[in-house]
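Next up, upload_27.cif (mmCIF, C-alpha atoms):
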```
data_start
loop_
_atom_site.label_atom_id
_atom_site.label_comp_id
_atom_site.auth_asym_id
_atom_site.auth_seq_id
_atom_site.Cartn_x
_atom_site.Cartn_y
_atom_site.Cartn_z
CA MET A 1 124.59 91.89 76.94
CA ALA A 2 124.89 95.28 78.57
CA THR A 3 128.18 96.06 80.32
CA VAL A 4 128.43 96.63 84.06
CA LEU A 5 128.86 100.35 83.35
CA GLU A 6 125.66 100.45 81.29
CA ARG A 7 123.65 98.55 83.87
CA VAL A 8 124.93 100.67 86.77
CA THR A 9 124.21 103.82 84.77
CA LYS A 10 120.64 102.74 84.17
CA VAL A 11 120.05 102.05 87.88
CA VAL A 12 121.54 105.42 88.82
CA VAL A 13 119.50 107.31 86.22
CA ASP A 14 116.28 105.59 87.30
CA ARG A 15 116.92 106.01 91.00
CA LEU A 16 118.32 109.51 91.17
CA GLY A 17 116.54 111.02 88.19
CA VAL A 18 119.77 112.41 86.74
CA ASP A 19 120.74 112.65 83.08
CA GLU A 20 122.76 109.77 81.66
CA SER A 21 125.53 112.20 80.69
CA GLU A 22 126.07 113.10 84.36
CA VAL A 23 126.80 109.52 85.36
CA LYS A 24 130.58 109.56 84.95
CA VAL A 25 132.93 107.10 86.58
CA GLU A 26 134.35 109.76 88.89
CA ALA A 27 130.95 111.17 89.86
CA SER A 28 130.18 111.07 93.58
CA PHE A 29 126.62 109.96 94.34
CA ARG A 30 126.27 112.52 97.07
CA GLU A 31 128.27 115.47 95.84
CA ASP A 32 127.74 115.28 92.09
CA LEU A 33 124.48 113.39 91.69
CA GLY A 34 122.46 114.92 94.52
CA ALA A 35 121.85 111.73 96.48
CA ASP A 36 121.11 111.87 100.20
CA SER A 37 122.17 109.07 102.53
CA LEU A 38 118.88 107.20 102.13
CA ASP A 39 119.20 107.43 98.34
CA VAL A 40 122.60 105.75 98.55
CA VAL A 41 121.15 102.93 100.66
CA GLU A 42 118.40 102.45 98.10
CA LEU A 43 120.86 102.59 95.23
CA VAL A 44 122.88 99.80 96.81
CA MET A 45 119.66 97.78 97.29
CA GLU A 46 118.83 98.15 93.62
CA LEU A 47 122.34 97.24 92.54
CA GLU A 48 122.00 94.10 94.67
CA ASP A 49 118.83 93.22 92.78
CA GLU A 50 120.23 94.15 89.37
CA PHE A 51 123.37 92.04 89.80
CA ASP A 52 121.81 89.39 92.05
CA MET A 53 124.42 89.79 94.76
CA GLU A 54 124.57 90.78 98.40
CA ILE A 55 126.56 93.87 99.33
CA SER A 56 127.43 93.94 103.02
CA ASP A 57 126.95 97.12 105.04
CA GLU A 58 130.75 97.43 105.44
CA ASP A 59 131.29 97.23 101.68
CA ALA A 60 128.34 99.50 100.93
CA GLU A 61 129.85 102.25 103.07
CA LYS A 62 132.93 102.30 100.84
CA ILE A 63 130.92 102.91 97.68
CA GLY A 64 130.99 106.67 97.13
CA THR A 65 131.29 107.09 93.38
CA VAL A 66 129.96 105.46 90.25
CA GLY A 67 133.45 104.04 89.70
CA ASP A 68 133.49 102.52 93.22
CA ALA A 69 130.25 100.72 92.47
CA ILE A 70 131.46 99.43 89.11
CA SER A 71 134.79 98.14 90.40
CA TYR A 72 133.14 96.54 93.42
CA ILE A 73 130.60 94.75 91.24
CA GLU A 74 133.23 93.67 88.70
CA SER A 75 135.41 92.24 91.47
CA LYS A 76 132.44 90.29 92.79
CA LEU A 77 131.45 89.00 89.37
CA GLY A 78 135.03 87.78 88.95
CA MET B 1 84.62 96.33 101.58
CA GLY B 2 87.17 96.83 104.34
CA LYS B 3 89.62 99.66 104.86
CA LEU B 4 92.56 97.33 104.30
CA ASP B 5 91.43 95.05 101.49
CA GLY B 6 94.34 93.19 99.92
CA LYS B 7 96.94 94.54 102.34
CA THR B 8 99.39 92.33 104.16
CA ALA B 9 100.05 92.87 107.85
CA VAL B 10 102.70 91.35 110.09
CA VAL B 11 101.72 91.42 113.76
CA THR B 12 104.32 90.34 116.31
CA GLY B 13 103.20 88.63 119.47
CA ALA B 14 99.79 88.02 117.93
CA SER B 15 98.74 84.80 119.61
CA ARG B 16 97.32 86.43 122.73
CA GLY B 17 96.06 89.64 124.31
CA ILE B 18 96.26 92.92 122.43
CA GLY B 19 98.22 91.37 119.53
CA ARG B 20 95.49 88.81 118.94
CA ALA B 21 92.79 91.51 118.89
CA ILE B 22 94.90 93.54 116.44
CA ALA B 23 95.35 90.57 114.11
CA LEU B 24 91.60 89.86 114.10
CA GLU B 25 90.60 93.50 113.57
CA LEU B 26 93.03 93.90 110.66
CA ALA B 27 91.51 90.78 109.11
CA ARG B 28 87.99 92.17 109.57
CA GLU B 29 89.08 95.16 107.48
CA GLY B 30 90.30 92.84 104.73
CA ALA B 31 94.01 92.38 105.46
CA ASN B 32 95.91 89.13 105.22
CA VAL B 33 97.79 88.60 108.45
CA VAL B 34 101.11 87.04 109.40
CA VAL B 35 100.68 85.98 113.01
CA ASN B 36 104.05 85.92 114.75
CA TYR B 37 104.30 84.14 118.10
CA SER B 38 107.08 83.07 120.36
CA GLY B 39 105.77 80.21 122.52
CA SER B 40 102.02 79.74 122.23
CA VAL B 41 101.67 77.70 119.04
CA GLY B 42 98.20 76.42 120.00
CA LYS B 43 96.92 79.96 120.59
CA ALA B 44 98.51 81.17 117.35
CA LEU B 45 96.76 78.46 115.37
CA GLU B 46 93.44 79.43 116.95
CA VAL B 47 93.98 83.00 115.72
CA ILE B 48 94.73 81.66 112.22
CA GLU B 49 91.50 79.67 112.24
CA GLU B 50 89.50 82.69 113.39
CA ILE B 51 91.00 84.86 110.66
CA LYS B 52 90.13 82.27 108.03
CA THR B 53 86.56 82.27 109.32
CA ILE B 54 86.51 86.04 108.91
CA GLY B 55 87.53 85.42 105.32
CA THR B 56 91.09 86.57 104.75
CA ASN B 57 94.31 84.60 104.70
CA ALA B 58 96.69 84.06 107.58
CA ILE B 59 99.85 82.18 108.45
CA ALA B 60 101.60 81.63 111.77
CA VAL B 61 105.35 82.14 112.01
CA GLN B 62 107.24 81.26 115.17
CA GLY B 63 110.12 83.50 116.18
CA ASN B 64 111.56 85.61 118.97
CA VAL B 65 111.64 89.24 117.81
CA GLY B 66 114.87 89.83 119.73
CA ASP B 67 116.65 87.37 117.44
CA ALA B 68 117.79 88.94 114.15
CA GLU B 69 117.78 85.68 112.25
CA ALA B 70 114.26 84.80 113.37
CA VAL B 71 113.11 88.27 112.33
CA GLN B 72 114.67 87.91 108.86
CA ASN B 73 112.86 84.60 108.50
CA LEU B 74 109.57 86.16 109.62
CA MET B 75 109.69 88.93 107.01
CA ALA B 76 111.00 86.65 104.24
CA THR B 77 108.16 84.20 104.90
CA ALA B 78 105.61 87.02 104.83
CA ILE B 79 106.89 88.32 101.47
CA GLU B 80 107.11 84.83 100.01
CA GLN B 81 103.56 84.07 101.04
CA PHE B 82 101.80 87.36 100.30
CA GLY B 83 104.17 89.32 98.04
CA SER B 84 104.30 92.49 100.14
CA ILE B 85 104.31 93.83 103.68
CA ASP B 86 102.09 96.89 103.93
CA ILE B 87 101.67 97.01 107.69
CA LEU B 88 104.00 96.04 110.51
CA VAL B 89 102.63 96.05 114.05
CA ASN B 90 105.39 95.77 116.63
CA ASN B 91 103.38 94.42 119.51
CA ALA B 92 105.40 91.57 121.04
CA GLY B 93 106.29 92.29 124.64
CA ILE B 94 107.15 90.63 127.91
CA THR B 95 107.35 91.73 131.55
CA ARG B 96 109.91 90.80 134.22
CA ASP B 97 108.79 93.13 137.01
CA ASN B 98 110.95 93.83 140.00
CA LEU B 99 112.00 96.76 142.15
CA LEU B 100 115.03 98.51 140.76
CA MET B 101 117.02 97.49 143.83
CA ARG B 102 116.19 93.83 143.22
CA MET B 103 116.17 93.76 139.44
CA LYS B 104 118.62 91.28 137.99
CA GLU B 105 120.66 92.17 134.94
CA GLU B 106 119.02 89.27 133.17
CA GLU B 107 115.55 90.66 133.83
CA TRP B 108 116.64 94.00 132.43
CA ASP B 109 118.24 92.44 129.36
CA ASP B 110 115.34 90.12 128.55
CA VAL B 111 112.79 92.91 128.53
CA ILE B 112 114.96 95.38 126.59
CA ASN B 113 115.80 92.65 124.11
CA THR B 114 112.22 91.73 123.28
CA ASN B 115 110.41 95.03 123.84
CA LEU B 116 112.93 97.49 122.38
CA LYS B 117 115.54 95.67 120.32
CA GLY B 118 112.73 93.58 118.85
CA VAL B 119 111.08 96.73 117.48
CA PHE B 120 114.40 97.86 116.00
CA LEU B 121 115.08 94.50 114.35
CA CYS B 122 111.58 94.11 112.90
CA THR B 123 111.56 97.69 111.63
CA LYS B 124 114.98 97.32 110.03
CA ALA B 125 114.00 94.04 108.41
CA VAL B 126 110.79 95.40 106.91
CA THR B 127 112.19 98.72 105.70
CA ARG B 128 113.81 97.32 102.57
CA GLN B 129 110.49 95.96 101.35
CA MET B 130 108.54 99.09 102.27
CA MET B 131 111.12 101.36 100.59
CA LYS B 132 110.71 99.38 97.38
CA GLN B 133 106.94 99.65 97.67
CA ARG B 134 107.24 103.38 98.35
CA ALA B 135 104.58 102.78 100.98
CA GLY B 136 104.22 101.24 104.39
CA ARG B 137 102.82 101.66 107.86
CA ILE B 138 104.65 100.77 111.03
CA ILE B 139 102.71 100.84 114.29
CA ASN B 140 104.62 100.37 117.51
CA ILE B 141 102.81 99.38 120.67
CA SER B 142 104.28 101.38 123.54
CA SER B 143 102.55 101.84 126.91
CA ILE B 144 101.27 104.59 129.14
CA VAL B 145 104.03 103.72 131.59
CA GLY B 146 106.59 104.72 128.95
CA THR B 147 105.31 108.27 129.46
CA ILE B 148 104.48 108.42 133.17
CA GLY B 149 106.74 105.72 134.66
CA ASN B 150 105.76 102.86 136.95
CA ALA B 151 107.36 101.57 140.13
CA GLY B 152 108.58 98.00 139.73
CA GLN B 153 108.93 98.20 135.95
CA ALA B 154 112.22 99.98 135.29
CA ASN B 155 113.07 97.60 132.43
CA TYR B 156 109.60 97.67 130.84
CA VAL B 157 109.24 101.44 131.18
CA ALA B 158 112.69 102.09 129.73
CA ALA B 159 111.85 99.88 126.76
CA LYS B 160 108.42 101.46 126.19
CA ALA B 161 109.81 105.00 126.43
CA GLY B 162 112.55 103.90 124.04
CA VAL B 163 109.90 102.74 121.58
CA ILE B 164 108.41 106.25 121.48
CA GLY B 165 111.82 107.74 120.64
CA LEU B 166 112.48 105.05 118.07
CA THR B 167 109.07 105.76 116.52
CA LYS B 168 109.92 109.44 116.05
CA THR B 169 113.34 108.74 114.55
CA THR B 170 112.07 106.05 112.20
CA ALA B 171 109.25 108.37 111.17
CA ARG B 172 111.74 111.10 110.26
CA GLU B 173 114.12 108.77 108.43
CA LEU B 174 111.44 107.13 106.31
CA ALA B 175 108.93 109.92 105.73
CA SER B 176 110.37 110.74 102.30
CA ARG B 177 109.62 107.18 101.21
CA ASN B 178 105.98 107.35 102.32
CA ILE B 179 106.55 104.99 105.23
CA LEU B 180 104.49 106.27 108.16
CA VAL B 181 105.48 105.29 111.67
CA ASN B 182 103.31 105.88 114.72
CA ALA B 183 102.97 104.50 118.22
CA ILE B 184 100.06 103.62 120.45
CA ALA B 185 100.35 103.87 124.21
CA PRO B 186 97.65 101.72 125.80
CA GLY B 187 96.65 102.28 129.41
CA PHE B 188 95.31 99.40 131.48
CA ILE B 189 93.76 96.93 129.08
CA THR B 190 92.03 93.69 130.09
CA THR B 191 94.48 90.93 129.12
CA GLU B 192 96.17 87.97 130.81
CA MET B 193 98.90 90.44 131.77
CA THR B 194 96.50 92.63 133.79
CA ASP B 195 94.20 89.75 134.93
CA ALA B 196 97.15 88.41 136.90
CA LEU B 197 97.26 91.54 139.09
CA PRO B 198 95.86 91.39 142.66
CA GLU B 199 92.36 92.83 143.24
CA ASP B 200 93.53 95.74 145.42
CA ILE B 201 95.96 96.85 142.70
CA LYS B 202 93.18 96.70 140.10
CA THR B 203 90.89 98.79 142.32
CA ALA B 204 93.64 101.37 142.77
CA MET B 205 94.20 101.41 139.00
CA LEU B 206 90.53 102.00 138.26
CA ALA B 207 90.57 105.06 140.52
CA GLU B 208 93.20 106.58 138.22
CA ILE B 209 91.14 106.16 135.05
CA PRO B 210 88.83 109.13 134.31
CA LEU B 211 86.59 106.97 132.11
CA GLY B 212 86.24 104.55 135.01
CA THR B 213 86.80 101.19 133.33
CA LEU B 214 89.68 99.10 132.08
CA GLY B 215 90.18 99.19 128.34
CA GLN B 216 89.51 96.29 126.00
CA PRO B 217 92.04 94.92 123.48
CA GLU B 218 89.63 96.02 120.73
CA HIS B 219 90.08 99.65 121.72
CA ILE B 220 93.73 99.31 120.74
CA ALA B 221 92.97 97.21 117.67
CA LYS B 222 90.63 99.87 116.25
CA ALA B 223 93.36 102.49 116.56
CA VAL B 224 95.78 100.19 114.76
CA VAL B 225 93.30 99.90 111.90
CA PHE B 226 93.03 103.69 111.77
CA LEU B 227 96.82 104.15 111.69
CA SER B 228 97.09 101.45 108.99
CA SER B 229 94.43 102.98 106.76
CA ASP B 230 94.23 105.87 104.31
CA ASP B 231 92.42 107.82 107.03
CA ALA B 232 95.77 108.36 108.76
CA SER B 233 97.81 109.34 105.71
CA TYR B 234 98.90 112.73 107.12
CA MET B 235 100.30 111.67 110.47
CA THR B 236 103.67 110.22 111.37
CA GLY B 237 105.89 110.11 114.46
CA GLN B 238 102.89 110.41 116.79
CA THR B 239 101.89 108.50 119.88
CA LEU B 240 98.17 107.88 120.42
CA HIS B 241 97.30 107.54 124.10
CA ILE B 242 94.41 105.14 124.50
CA ASP B 243 94.01 104.89 128.23
CA GLY B 244 90.58 106.16 129.30
CA GLY B 245 92.09 109.55 129.98
CA MET B 246 94.81 108.50 132.41
CA TYR B 247 97.48 110.53 130.68
CA MET B 248 96.57 113.98 129.38
#
```
Any chance you could put this one into C-alpha cells?
Amino acid sequence: MATVLERVTKVVVDRLGVDESEVKVEASFREDLGADSLDVVELVMELEDEFDMEISDEDAEKIGTVGDAISYIESKLG
Amino acid sequence: MGKLDGKTAVVTGASRGIGRAIALELAREGANVVVNYSGSVGKALEVIEEIKTIGTNAIAVQGNVGDAEAVQNLMATAIEQFGSIDILVNNAGITRDNLLMRMKEEEWDDVINTNLKGVFLCTKAVTRQMMKQRAGRIINISSIVGTIGNAGQANYVAAKAGVIGLTKTTARELASRNILVNAIAPGFITTEMTDALPEDIKTAMLAEIPLGTLGQPEHIAKAVVFLSSDDASYMTGQTLHIDGGMYM
C-alpha cells in the first residue's frame, strides 16, 4: 500500500507535470511547482478523488504546500 | 450523423418555449438531453417523449436553478445517467415585470435569483465535471434587453446584462481547460412569454425589427447547436444577437 506521501506525489506529478524530485514536503504549489490558482483547485479535486474524501472550500484555501496537503489528508484519514 | 452524436446536454427550463426548442434541436443533432423544469412536469414529459421519438435518450429532472441543492442534484443525476456533461444551456428564466417605482423587493429578488444566480450555480456545479473532461460548452441565454434596456423590466434586464458579464468572466477563467462559454441574446421570439403581450405592444415591437417578423424558438435553438458543436471551437466569451437586426 502506497503511503499518503507517495499518493500525493503521484497526483502532483500527473497534474502539474513536474519531476518527482521537485515534490518536497515544503514545496509550495504556486511558488515552487508553478501552479496557477485553477491548477490548485484541480489538484484539490483530484486529491478528493484519490483519497475518497470531501475537502471543503475553507480547508482547501489553507492548503498551500505539499506538506499541508499531506497533513490535512492524514488528519482526515485518522 | 448529427453534429452532437453521443454528447450529453443539460438544458435548464426546457419544458416550454425557447428551452424546449433547444432541447429538441440538440436531440436532432444526436445529443442525449437532461430536461430540467421547475413546475411544468406534464410539459417536460412531453419533451422527453418527443426526444425519444427523435431517437436519442432523455430524462426530466425537476429543480429550481436558484436553489444550490437542486442544482447539485440536477448535475449529479445527469452524470449518473449519461456519464458526462458536454453541454450546459442556462436557459431557465422568469419575468416579474413592473415599473421601477412600483417594483417590490420580492419581484427583484425572484428574478435575480432564477435568471442570474441560477446561471452562476449551474455553471459552478458543472465546472468540476467539465474540467475533468478537459472539454465543455456552456451557453447562456441572455436577452436583447440586457444590452439595450427595457422599461418595466429593471430586474430582468439587470439579470440578463449580468449574464453577459458572467459569460465573459467564466470564459476567461475556464478557457485554459477547453471549456467554451458563450451567450445568446434573443430578440422578440414567439413564445408564451411574448404571446401574452397586448396586440398594440406587439405591433410596436414589430416596427423595431428590421427583418420585420418575430423570431421563432428554432432560430435560437440552431445557434445553440452551433455553439455546442466543433464548428464553434474558436470562440468564447461572445454574445450572439439573434433578434432580426434589432440591435446592431
| request: Find the residues around Arg28 of chain B up to 12 Å (only C-alpha atoms counted), leave out those fewer than 6 positions away in its own chain, and share them as a ChimeraX atom specification. | output: /B:1-7,21-22,50-57,218,221-222,225
| remark: A straight line from atom CA of His219 of chain B to atom CA of Leu24 of chain B spans 12.5 Å
| task | Find the spatial neighbours of Asn140 of chain B, counting all atoms listed in the file, within a cut-off of 6 Å - ignore same-chain residues fewer than 2 positions away - and output them as JSON, numbers by chain. | result | {"B": [89, 90, 183]}
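For the pair atom CA of Ala2 of chain A and atom CA of Asp39 of chain A, the interatomic distance is 23.9 Å.
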For chain A versus chain B, which residues have an atom no more than 12 Å away, and what is each residue's nearest atom pair and distance in Å rounded to one decimal, using all atoms listed in the file, chain-then-number order, as CSV?
```
residue,atom,partner,partner_atom,distance
A:Arg15,CA,B:Lys132,CA,11.1
A:Asp36,CA,B:Ser176,CA,11.0
A:Ser37,CA,B:Glu173,CA,10.0
A:Leu38,CA,B:Glu173,CA,8.1
A:Asp39,CA,B:Arg177,CA,10.0
A:Val41,CA,B:Arg128,CA,9.4
A:Glu42,CA,B:Met131,CA,7.8
A:Leu43,CA,B:Lys132,CA,10.9
A:Val44,CA,B:Arg128,CA,11.0
A:Met45,CA,B:Arg128,CA,7.9
A:Glu46,CA,B:Lys132,CA,9.0
A:Glu48,CA,B:Arg128,CA,11.8
A:Asp49,CA,B:Lys132,CA,11.2
```
| field | Residues matched by the PyMOL selection byres ((chain A and resi 63) around 12), written as a ChimeraX atom specification | value | /A:26-30,37,40-41,43-44,47,55-62,64-73
| field | Within 12 Å of segment 245-247 of chain B using only C-alpha atoms, minus same-chain residues under 2 positions, as an MDAnalysis selection string | value | chainID B and resid 143:149 185:188 205:215 239:243
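Taking atom CA of Ile85 of chain B and atom CA of Lys160 of chain B as the two end points, the separation is 24.1 Å.
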| message | Ranking B:Ala158, B:Ala92, B:Ala125, B:Ile179 by minimum distance to Ala68 of chain B and counting all atoms listed in the file, which one comes first? | response |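 When distances to Ala68 of chain B are compared using all atoms listed in the file, the smallest one comes from B:Ala125.
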| message | When the PyMOL selection byres ((chain B and resi 96) around 10) is applied to the structure above, which residues does it catch, written out as a list of chain:residue names? | response |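 Selection result, ordered by chain and number: B:Ile94, B:Thr95, B:Asp97, B:Asn98, B:Met103, B:Lys104, B:Glu106, B:Glu107, B:Trp108, B:Asp109, B:Asp110, B:Val111, B:Gly152, B:Gln153, B:Ala154, B:Asn155, B:Tyr156.
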| said: For the provided coordinates, the residues matched by the PyMOL selection byres ((chain B and resi 59) around 7) should be stated as a list in words. | reply: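 With the PyMOL selection byres ((chain B and resi 59) around 7) on this model, the match is Val33, Val34, Val35, Ile48, Ala58, Ala60 and Val61 of chain B.
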| query | Which residue, B:Ala196, B:Val11, B:Ala151, B:Ile184, has the smallest gap to Leu99 of chain B when you use all atoms listed in the file? | reply |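 Among the listed residues, B:Ala151 lies closest to Leu99 of chain B.
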| Protein, DNA and RNA residues within 9 Å of (129.0, 88.3, 86.9), only C-alpha atoms, as a ChimeraX atom specification | /A:4,51-52,73-78
| Between B:Met235, B:Ile189, B:Cys122, B:Ala31, which one has atoms that come closest to Gln216 of chain B, using all atoms listed in the file? |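 For Gln216 of chain B, the nearest of the given residues is B:Ile189.
Using all atoms listed in the file, the contacts of Leu166 of chain B at a cut-off of 9 Å, with sequence neighbours closer than 6 positions omitted, comprise Leu116, Val119 and Phe120 of chain B.
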Final N, CA, C and O atoms of segment 73-98 of chain B as a CSV table (one decimal), keeping the file's coordinate frame:
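Generated file (rebuild_7.csv):
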```csv
chain,number,residue,atom,x,y,z
B,73,ASN,N,113.7,85.7,109.0
B,73,ASN,CA,112.9,84.6,108.5
B,73,ASN,C,111.4,85.0,108.5
B,73,ASN,O,110.6,84.7,107.6
B,74,LEU,N,111.0,85.7,109.5
B,74,LEU,CA,109.6,86.2,109.6
B,74,LEU,C,109.2,87.0,108.4
B,74,LEU,O,108.2,86.8,107.8
B,75,MET,N,110.0,88.0,108.1
B,75,MET,CA,109.7,88.9,107.0
B,75,MET,C,109.8,88.2,105.6
B,75,MET,O,109.0,88.5,104.8
B,76,ALA,N,110.8,87.4,105.5
B,76,ALA,CA,111.0,86.6,104.2
B,76,ALA,C,109.8,85.7,104.0
B,76,ALA,O,109.3,85.7,102.9
B,77,THR,N,109.3,85.1,105.0
B,77,THR,CA,108.2,84.2,104.9
B,77,THR,C,106.9,85.0,104.5
B,77,THR,O,106.1,84.6,103.6
B,78,ALA,N,106.8,86.2,105.1
B,78,ALA,CA,105.6,87.0,104.8
B,78,ALA,C,105.6,87.4,103.4
B,78,ALA,O,104.6,87.4,102.7
B,79,ILE,N,106.8,87.9,102.9
B,79,ILE,CA,106.9,88.3,101.5
B,79,ILE,C,106.7,87.2,100.5
B,79,ILE,O,106.0,87.3,99.5
B,80,GLU,N,107.3,86.0,100.9
B,80,GLU,CA,107.1,84.8,100.0
B,80,GLU,C,105.6,84.5,99.9
B,80,GLU,O,105.1,84.1,98.8
B,81,GLN,N,104.9,84.5,101.0
B,81,GLN,CA,103.6,84.1,101.0
B,81,GLN,C,102.6,85.1,100.4
B,81,GLN,O,101.7,84.7,99.7
B,82,PHE,N,102.8,86.4,100.7
B,82,PHE,CA,101.8,87.4,100.3
B,82,PHE,C,102.3,88.4,99.3
B,82,PHE,O,101.5,89.2,98.8
B,83,GLY,N,103.6,88.4,99.1
B,83,GLY,CA,104.2,89.3,98.0
B,83,GLY,C,104.5,90.7,98.5
B,83,GLY,O,105.1,91.5,97.7
B,84,SER,N,104.0,91.1,99.7
B,84,SER,CA,104.3,92.5,100.1
B,84,SER,C,104.1,92.5,101.7
B,84,SER,O,103.6,91.6,102.2
B,85,ILE,N,104.6,93.6,102.3
B,85,ILE,CA,104.3,93.8,103.7
B,85,ILE,C,103.9,95.3,103.7
B,85,ILE,O,104.7,96.2,103.6
B,86,ASP,N,102.6,95.5,103.9
B,86,ASP,CA,102.1,96.9,103.9
B,86,ASP,C,102.0,97.5,105.3
B,86,ASP,O,102.1,98.7,105.5
B,87,ILE,N,101.9,96.6,106.3
B,87,ILE,CA,101.7,97.0,107.7
B,87,ILE,C,102.5,96.1,108.6
B,87,ILE,O,102.5,94.9,108.5
B,88,LEU,N,103.3,96.8,109.5
B,88,LEU,CA,104.0,96.0,110.5
B,88,LEU,C,103.5,96.6,111.9
B,88,LEU,O,103.5,97.8,112.1
B,89,VAL,N,103.0,95.7,112.7
B,89,VAL,CA,102.6,96.0,114.0
B,89,VAL,C,103.6,95.4,115.0
B,89,VAL,O,103.6,94.2,115.2
B,90,ASN,N,104.4,96.3,115.6
B,90,ASN,CA,105.4,95.8,116.6
B,90,ASN,C,104.7,95.7,118.0
B,90,ASN,O,104.6,96.7,118.7
B,91,ASN,N,104.2,94.6,118.3
B,91,ASN,CA,103.4,94.4,119.5
B,91,ASN,C,104.0,93.5,120.6
B,91,ASN,O,103.7,93.7,121.7
B,92,ALA,N,104.9,92.6,120.1
B,92,ALA,CA,105.4,91.6,121.0
B,92,ALA,C,106.0,92.2,122.3
B,92,ALA,O,106.8,93.2,122.1
B,93,GLY,N,105.7,91.7,123.4
B,93,GLY,CA,106.3,92.3,124.6
B,93,GLY,C,106.2,91.3,125.8
B,93,GLY,O,105.3,90.5,125.8
B,94,ILE,N,107.2,91.5,126.7
B,94,ILE,CA,107.2,90.6,127.9
B,94,ILE,C,107.3,91.5,129.1
B,94,ILE,O,107.7,92.7,129.0
B,95,THR,N,107.0,91.0,130.3
B,95,THR,CA,107.4,91.7,131.6
B,95,THR,C,108.2,90.8,132.5
B,95,THR,O,108.1,89.6,132.5
B,96,ARG,N,109.1,91.5,133.2
B,96,ARG,CA,109.9,90.8,134.2
B,96,ARG,C,110.0,91.8,135.3
B,96,ARG,O,111.0,92.4,135.5
B,97,ASP,N,108.9,92.0,136.0
B,97,ASP,CA,108.8,93.1,137.0
B,97,ASP,C,109.6,92.9,138.3
B,97,ASP,O,109.7,91.7,138.8
B,98,ASN,N,110.2,93.9,138.7
B,98,ASN,CA,111.0,93.8,140.0
B,98,ASN,C,111.3,95.3,140.4
B,98,ASN,O,111.4,96.1,139.6
```
